[in-house]
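File shown here: work.csv, holding CSV, C-alpha atoms.
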```
chain,number,residue,atom,x,y,z
A,1,SER,CA,114.7,109.5,89.4
A,2,VAL,CA,115.0,106.5,91.8
A,3,LEU,CA,112.0,104.3,92.3
A,4,ASP,CA,110.9,103.7,95.9
A,5,ALA,CA,111.0,100.2,97.2
A,6,LYS,CA,107.2,99.8,97.0
A,7,ALA,CA,107.0,100.9,93.3
A,8,LEU,CA,110.0,98.7,92.4
A,9,ASN,CA,108.4,95.7,94.2
A,10,GLN,CA,105.1,96.2,92.3
A,11,ILE,CA,107.0,96.5,88.9
A,12,CYS,CA,108.8,93.2,89.7
A,13,LYS,CA,105.5,91.5,90.6
A,14,ASN,CA,103.9,92.7,87.4
A,15,PHE,CA,106.9,91.3,85.4
A,16,GLN,CA,106.6,87.9,87.2
A,17,ALA,CA,102.8,87.8,86.6
A,18,MET,CA,103.4,88.4,82.8
A,19,ASP,CA,106.2,85.8,82.6
A,20,ILE,CA,103.9,82.9,82.0
A,21,ASN,CA,106.6,80.3,81.4
A,22,LYS,CA,108.8,81.6,84.3
A,23,ASP,CA,112.0,81.9,82.2
A,24,GLY,CA,112.8,85.3,83.5
A,25,GLN,CA,112.0,87.0,80.2
A,26,LEU,CA,108.9,88.3,78.5
A,27,SER,CA,108.3,87.1,75.0
A,28,CYS,CA,106.2,89.4,72.8
A,29,GLU,CA,103.3,87.0,73.2
A,30,GLU,CA,103.5,87.1,77.0
A,31,PHE,CA,103.8,90.9,77.0
A,32,ARG,CA,100.8,91.2,74.6
A,33,THR,CA,98.8,88.8,76.7
A,34,GLY,CA,99.5,90.8,79.9
A,35,LEU,CA,98.6,94.1,78.2
A,36,GLY,CA,95.6,92.5,76.5
A,37,MET,CA,94.1,91.8,79.9
A,38,LEU,CA,94.1,95.6,80.3
A,39,GLY,CA,92.3,96.1,77.0
A,40,VAL,CA,95.4,97.1,75.0
A,41,ASP,CA,95.2,96.7,71.3
A,42,ARG,CA,97.5,94.0,69.8
A,43,GLN,CA,99.3,96.3,67.4
A,44,PHE,CA,99.8,98.9,70.1
A,45,SER,CA,101.2,96.3,72.6
A,46,THR,CA,103.7,95.2,70.0
A,47,MET,CA,104.9,98.8,69.6
A,48,ILE,CA,105.3,99.1,73.3
A,49,PHE,CA,107.1,95.7,73.4
A,50,ASN,CA,109.6,96.9,70.9
A,51,ALA,CA,110.3,100.1,72.9
A,52,PHE,CA,110.9,98.1,76.1
A,53,ASP,CA,113.1,95.6,74.3
A,54,LYS,CA,116.2,97.9,74.1
A,55,SER,CA,118.6,95.1,73.3
A,56,GLY,CA,116.5,94.1,70.3
A,57,ASP,CA,116.8,90.4,71.1
A,58,GLY,CA,113.1,89.7,70.9
A,59,VAL,CA,112.5,89.4,74.7
A,60,ILE,CA,112.2,91.8,77.6
A,61,ASP,CA,114.3,90.9,80.6
A,62,MET,CA,113.7,92.2,84.1
A,63,ARG,CA,116.2,95.1,83.7
A,64,GLU,CA,114.6,96.3,80.5
A,65,PHE,CA,111.2,96.1,82.1
A,66,VAL,CA,112.2,98.0,85.2
A,67,ALA,CA,114.0,100.7,83.2
A,68,ALA,CA,111.0,101.3,80.9
A,69,MET,CA,108.5,101.2,83.7
A,70,SER,CA,110.5,103.7,85.8
A,71,VAL,CA,110.5,106.1,82.9
A,72,MET,CA,106.7,105.7,82.5
A,73,LEU,CA,106.2,106.2,86.2
A,74,HIS,CA,108.3,109.4,86.5
A,75,GLN,CA,106.0,112.0,85.1
A,76,ASP,CA,108.5,114.7,85.8
A,77,ASP,CA,111.1,113.3,83.3
A,78,ILE,CA,109.4,114.4,80.1
A,79,GLU,CA,112.6,113.9,78.0
A,80,LYS,CA,112.9,110.2,78.9
A,81,GLN,CA,109.1,109.7,78.4
A,82,ILE,CA,109.3,111.3,75.0
A,83,THR,CA,112.3,109.2,74.0
A,84,LEU,CA,110.5,106.0,75.0
A,85,ALA,CA,107.3,107.0,73.2
A,86,PHE,CA,109.1,108.2,70.1
A,87,ASP,CA,111.1,104.9,69.9
A,88,ALA,CA,107.9,102.9,70.2
A,89,TYR,CA,106.2,104.8,67.4
A,90,ASP,CA,109.3,104.8,65.0
A,91,LEU,CA,108.2,101.5,63.5
A,92,ASN,CA,111.1,101.1,61.1
A,93,GLN,CA,113.6,102.6,63.6
A,94,ASP,CA,115.0,105.1,61.2
A,95,GLY,CA,114.9,108.0,63.7
A,96,LYS,CA,112.0,109.7,61.9
A,97,LEU,CA,108.2,109.3,61.9
A,98,ASP,CA,106.4,109.6,58.6
A,99,GLU,CA,102.6,110.2,58.4
A,100,GLN,CA,101.9,106.5,57.9
A,101,GLU,CA,103.8,105.5,61.0
A,102,LEU,CA,101.9,108.2,63.0
A,103,CYS,CA,98.6,107.0,61.5
A,104,SER,CA,99.4,103.4,62.6
A,105,VAL,CA,100.2,104.5,66.1
A,106,ILE,CA,97.1,106.7,66.4
A,107,THR,CA,94.9,103.9,65.0
A,108,ALA,CA,96.3,101.4,67.5
A,109,ILE,CA,95.9,103.9,70.4
A,110,PHE,CA,92.3,104.7,69.4
A,111,SER,CA,91.5,101.0,69.1
A,112,THR,CA,92.8,100.6,72.7
A,113,MET,CA,90.7,103.6,73.8
A,114,ARG,CA,87.6,102.1,72.1
A,115,SER,CA,88.0,98.8,73.9
A,116,MET,CA,88.7,100.4,77.3
A,117,GLY,CA,86.4,103.4,77.1
A,118,MET,CA,82.8,104.2,77.9
A,119,PRO,CA,80.2,103.4,75.2
A,120,GLU,CA,79.4,107.1,74.7
A,121,GLU,CA,83.0,107.8,74.0
A,122,ARG,CA,83.5,105.1,71.3
A,123,ASP,CA,82.7,107.4,68.3
A,124,GLN,CA,85.5,109.8,69.1
A,125,TYR,CA,87.9,106.9,68.8
A,126,ALA,CA,86.6,105.6,65.5
A,127,GLU,CA,89.1,104.7,62.7
A,128,GLU,CA,88.1,107.7,60.6
A,129,ALA,CA,88.8,109.9,63.7
A,130,ALA,CA,92.2,108.3,64.0
A,131,ALA,CA,93.2,109.1,60.4
A,132,ARG,CA,92.0,112.7,60.9
A,133,THR,CA,93.8,113.1,64.2
A,134,ALA,CA,97.0,111.6,62.7
A,135,ALA,CA,96.9,114.0,59.7
A,136,GLU,CA,96.3,117.0,62.0
A,137,LEU,CA,99.1,115.9,64.4
A,138,PHE,CA,101.5,115.3,61.6
A,139,ARG,CA,100.9,118.8,60.2
A,140,LEU,CA,101.6,120.3,63.7
A,141,LEU,CA,104.7,118.2,64.2
A,142,ASP,CA,106.1,118.7,60.7
A,143,ALA,CA,105.8,122.5,60.8
A,144,GLY,CA,108.7,122.8,58.4
A,145,GLY,CA,107.1,120.6,55.8
A,146,LYS,CA,110.0,118.1,55.7
A,147,GLY,CA,107.7,115.1,55.2
A,148,PHE,CA,108.8,113.4,58.4
A,149,VAL,CA,109.0,114.2,62.1
A,150,THR,CA,112.1,114.0,64.3
A,151,GLN,CA,112.4,113.4,68.0
A,152,ALA,CA,113.2,117.1,68.3
A,153,ASP,CA,109.9,118.0,66.6
A,154,TYR,CA,108.1,115.7,69.0
A,155,VAL,CA,109.9,117.3,72.0
A,156,GLN,CA,109.0,120.8,70.8
A,157,LEU,CA,105.3,119.9,70.5
A,158,ALA,CA,105.3,118.2,73.9
A,159,ARG,CA,106.7,121.3,75.4
A,160,THR,CA,104.4,123.8,73.7
A,161,LYS,CA,101.2,121.7,73.6
A,162,PRO,CA,101.5,119.0,76.3
A,163,GLU,CA,97.7,118.7,76.5
A,164,LEU,CA,97.5,117.6,72.9
A,165,ILE,CA,100.2,114.9,73.4
A,166,LYS,CA,98.5,113.6,76.5
A,167,LYS,CA,95.0,113.6,74.9
A,168,ILE,CA,96.1,111.1,72.3
A,169,GLY,CA,98.3,109.1,74.6
A,170,LEU,CA,101.6,110.0,73.1
A,171,GLY,CA,103.4,111.2,76.2
```

Any chance you could put this one into structure tokens?
Amino acid sequence: SVLDAKALNQICKNFQAMDINKDGQLSCEEFRTGLGMLGVDRQFSTMIFNAFDKSGDGVIDMREFVAAMSVMLHQDDIEKQITLAFDAYDLNQDGKLDEQELCSVITAIFSTMRSMGMPEERDQYAEEAAARTAAELFRLLDAGGKGFVTQADYVQLARTKPELIKKIGLG
């Protein structure tokens, strides 16, 4: 899954454009500002930032940015995409998603969809719809009734119902 030179060049340009103070690293604020210009919700951009920041040092360096973007750009590598998404949504980083974490994620995604979407689509991304969708999705993911969702559960749903995962922006 090697990026071609053109894609790599564009990723590097995007990184440099987001690196406002030109220190070679993206702070959470720089990252949020860059995504905010695209209409991405603040909470959602923080989740994405944390998934990109693999070292956990509070900044994204060029290597982390390129690695995460290459995963996002390679639609055929579903396993890596799922890992990146799951890590972003596992807010307390315990390797499990509980219903509250899933609800936070869906709410942030729906907020982003509302700000980016067409006016006639806004109702389908209302907060009440986010809570309903999160509850439904949690029931599907937690088929065994454990009270939490593992990455394996997430992979299973992505394989059996990819259209559902794509519809809500989780893969």

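Among the candidates A:Ile60, A:Val71, A:Val155, A:Val149, the residue lying nearest to A:Glu99 is A:Val149 (atoms considered: all atoms listed in the file).
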
> Using all atoms listed in the file, which residues sit within 10 Å of stretch 51-53 of chain A once same-chain residues fewer than 6 positions away are excluded, as an NGL selection string?
Replying inline: :A and (26-28 or 45 or 59-61 or 63-69 or 83-91)

File of the preceding selection, C-alpha atoms, as a PDB file, in the coordinates of the input:
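Output below, filename result_3.pdb:
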```pdb
ATOM      1  CA  LEU A  26     108.900  88.300  78.500  1.00  0.00           C
ATOM      2  CA  SER A  27     108.300  87.100  75.000  1.00  0.00           C
ATOM      3  CA  CYS A  28     106.200  89.400  72.800  1.00  0.00           C
ATOM      4  CA  SER A  45     101.200  96.300  72.600  1.00  0.00           C
ATOM      5  CA  VAL A  59     112.500  89.400  74.700  1.00  0.00           C
ATOM      6  CA  ILE A  60     112.200  91.800  77.600  1.00  0.00           C
ATOM      7  CA  ASP A  61     114.300  90.900  80.600  1.00  0.00           C
ATOM      8  CA  ARG A  63     116.200  95.100  83.700  1.00  0.00           C
ATOM      9  CA  GLU A  64     114.600  96.300  80.500  1.00  0.00           C
ATOM     10  CA  PHE A  65     111.200  96.100  82.100  1.00  0.00           C
ATOM     11  CA  VAL A  66     112.200  98.000  85.200  1.00  0.00           C
ATOM     12  CA  ALA A  67     114.000 100.700  83.200  1.00  0.00           C
ATOM     13  CA  ALA A  68     111.000 101.300  80.900  1.00  0.00           C
ATOM     14  CA  MET A  69     108.500 101.200  83.700  1.00  0.00           C
ATOM     15  CA  THR A  83     112.300 109.200  74.000  1.00  0.00           C
ATOM     16  CA  LEU A  84     110.500 106.000  75.000  1.00  0.00           C
ATOM     17  CA  ALA A  85     107.300 107.000  73.200  1.00  0.00           C
ATOM     18  CA  PHE A  86     109.100 108.200  70.100  1.00  0.00           C
ATOM     19  CA  ASP A  87     111.100 104.900  69.900  1.00  0.00           C
ATOM     20  CA  ALA A  88     107.900 102.900  70.200  1.00  0.00           C
ATOM     21  CA  TYR A  89     106.200 104.800  67.400  1.00  0.00           C
ATOM     22  CA  ASP A  90     109.300 104.800  65.000  1.00  0.00           C
ATOM     23  CA  LEU A  91     108.200 101.500  63.500  1.00  0.00           C
TER      24      LEU A  91
END
```

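If all atoms listed in the file are the atoms counted, then among A:Glu128, A:Glu79, A:Gln100, A:Gln93 the closest residue to A:Ala158 is A:Glu79.
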
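For the residues A:Phe148, A:Phe15, A:Phe31, A:Phe44, ranking by smallest atom-to-atom distance to A:Ser104 using only C-alpha atoms places A:Phe44 first.
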
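Proximity to stretch 106-109 of chain A at 6 Å, evaluated using all atoms listed in the file and with sequence-adjacent residues fewer than 3 positions away removed, yields Gln43, Phe44, Cys103, Thr112 and Ala130 of chain A.
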
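Distance check against A:Ala129 using all atoms listed in the file: of A:Phe110, A:Gly58, A:Leu164, A:Asp142, the minimum falls on A:Phe110.
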
>> Quick one: residues within 12 Å of A:Asp153, only C-alpha atoms, excluding same-chain residues fewer than 2 positions away - as a ChimeraX atom specification?
In response: /A:82-83,86,95-97,137-151,155-161

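Between atom CA of A:Cys12 and atom CA of A:Val40 lies a distance of 20.3 Å.
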
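Minimum distance to A:Leu73 across A:Tyr154, A:Gly36, A:Ile11, A:Arg42 (counting only C-alpha atoms) occurs at A:Ile11.
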
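Straight-line separation from atom CA of A:Gln25 to atom CA of A:Ser55: 12.5 Å.
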
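Our summary of the geometry notes that atom CA of A:Ile78 is positioned 23.0 Å from atom CA of A:Met62.
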
> Which one is closest to A:Arg114: A:Gly56, A:Glu163, A:Asp19, A:Asp41? Count all atoms listed in the file.
Replying inline: A:Asp41
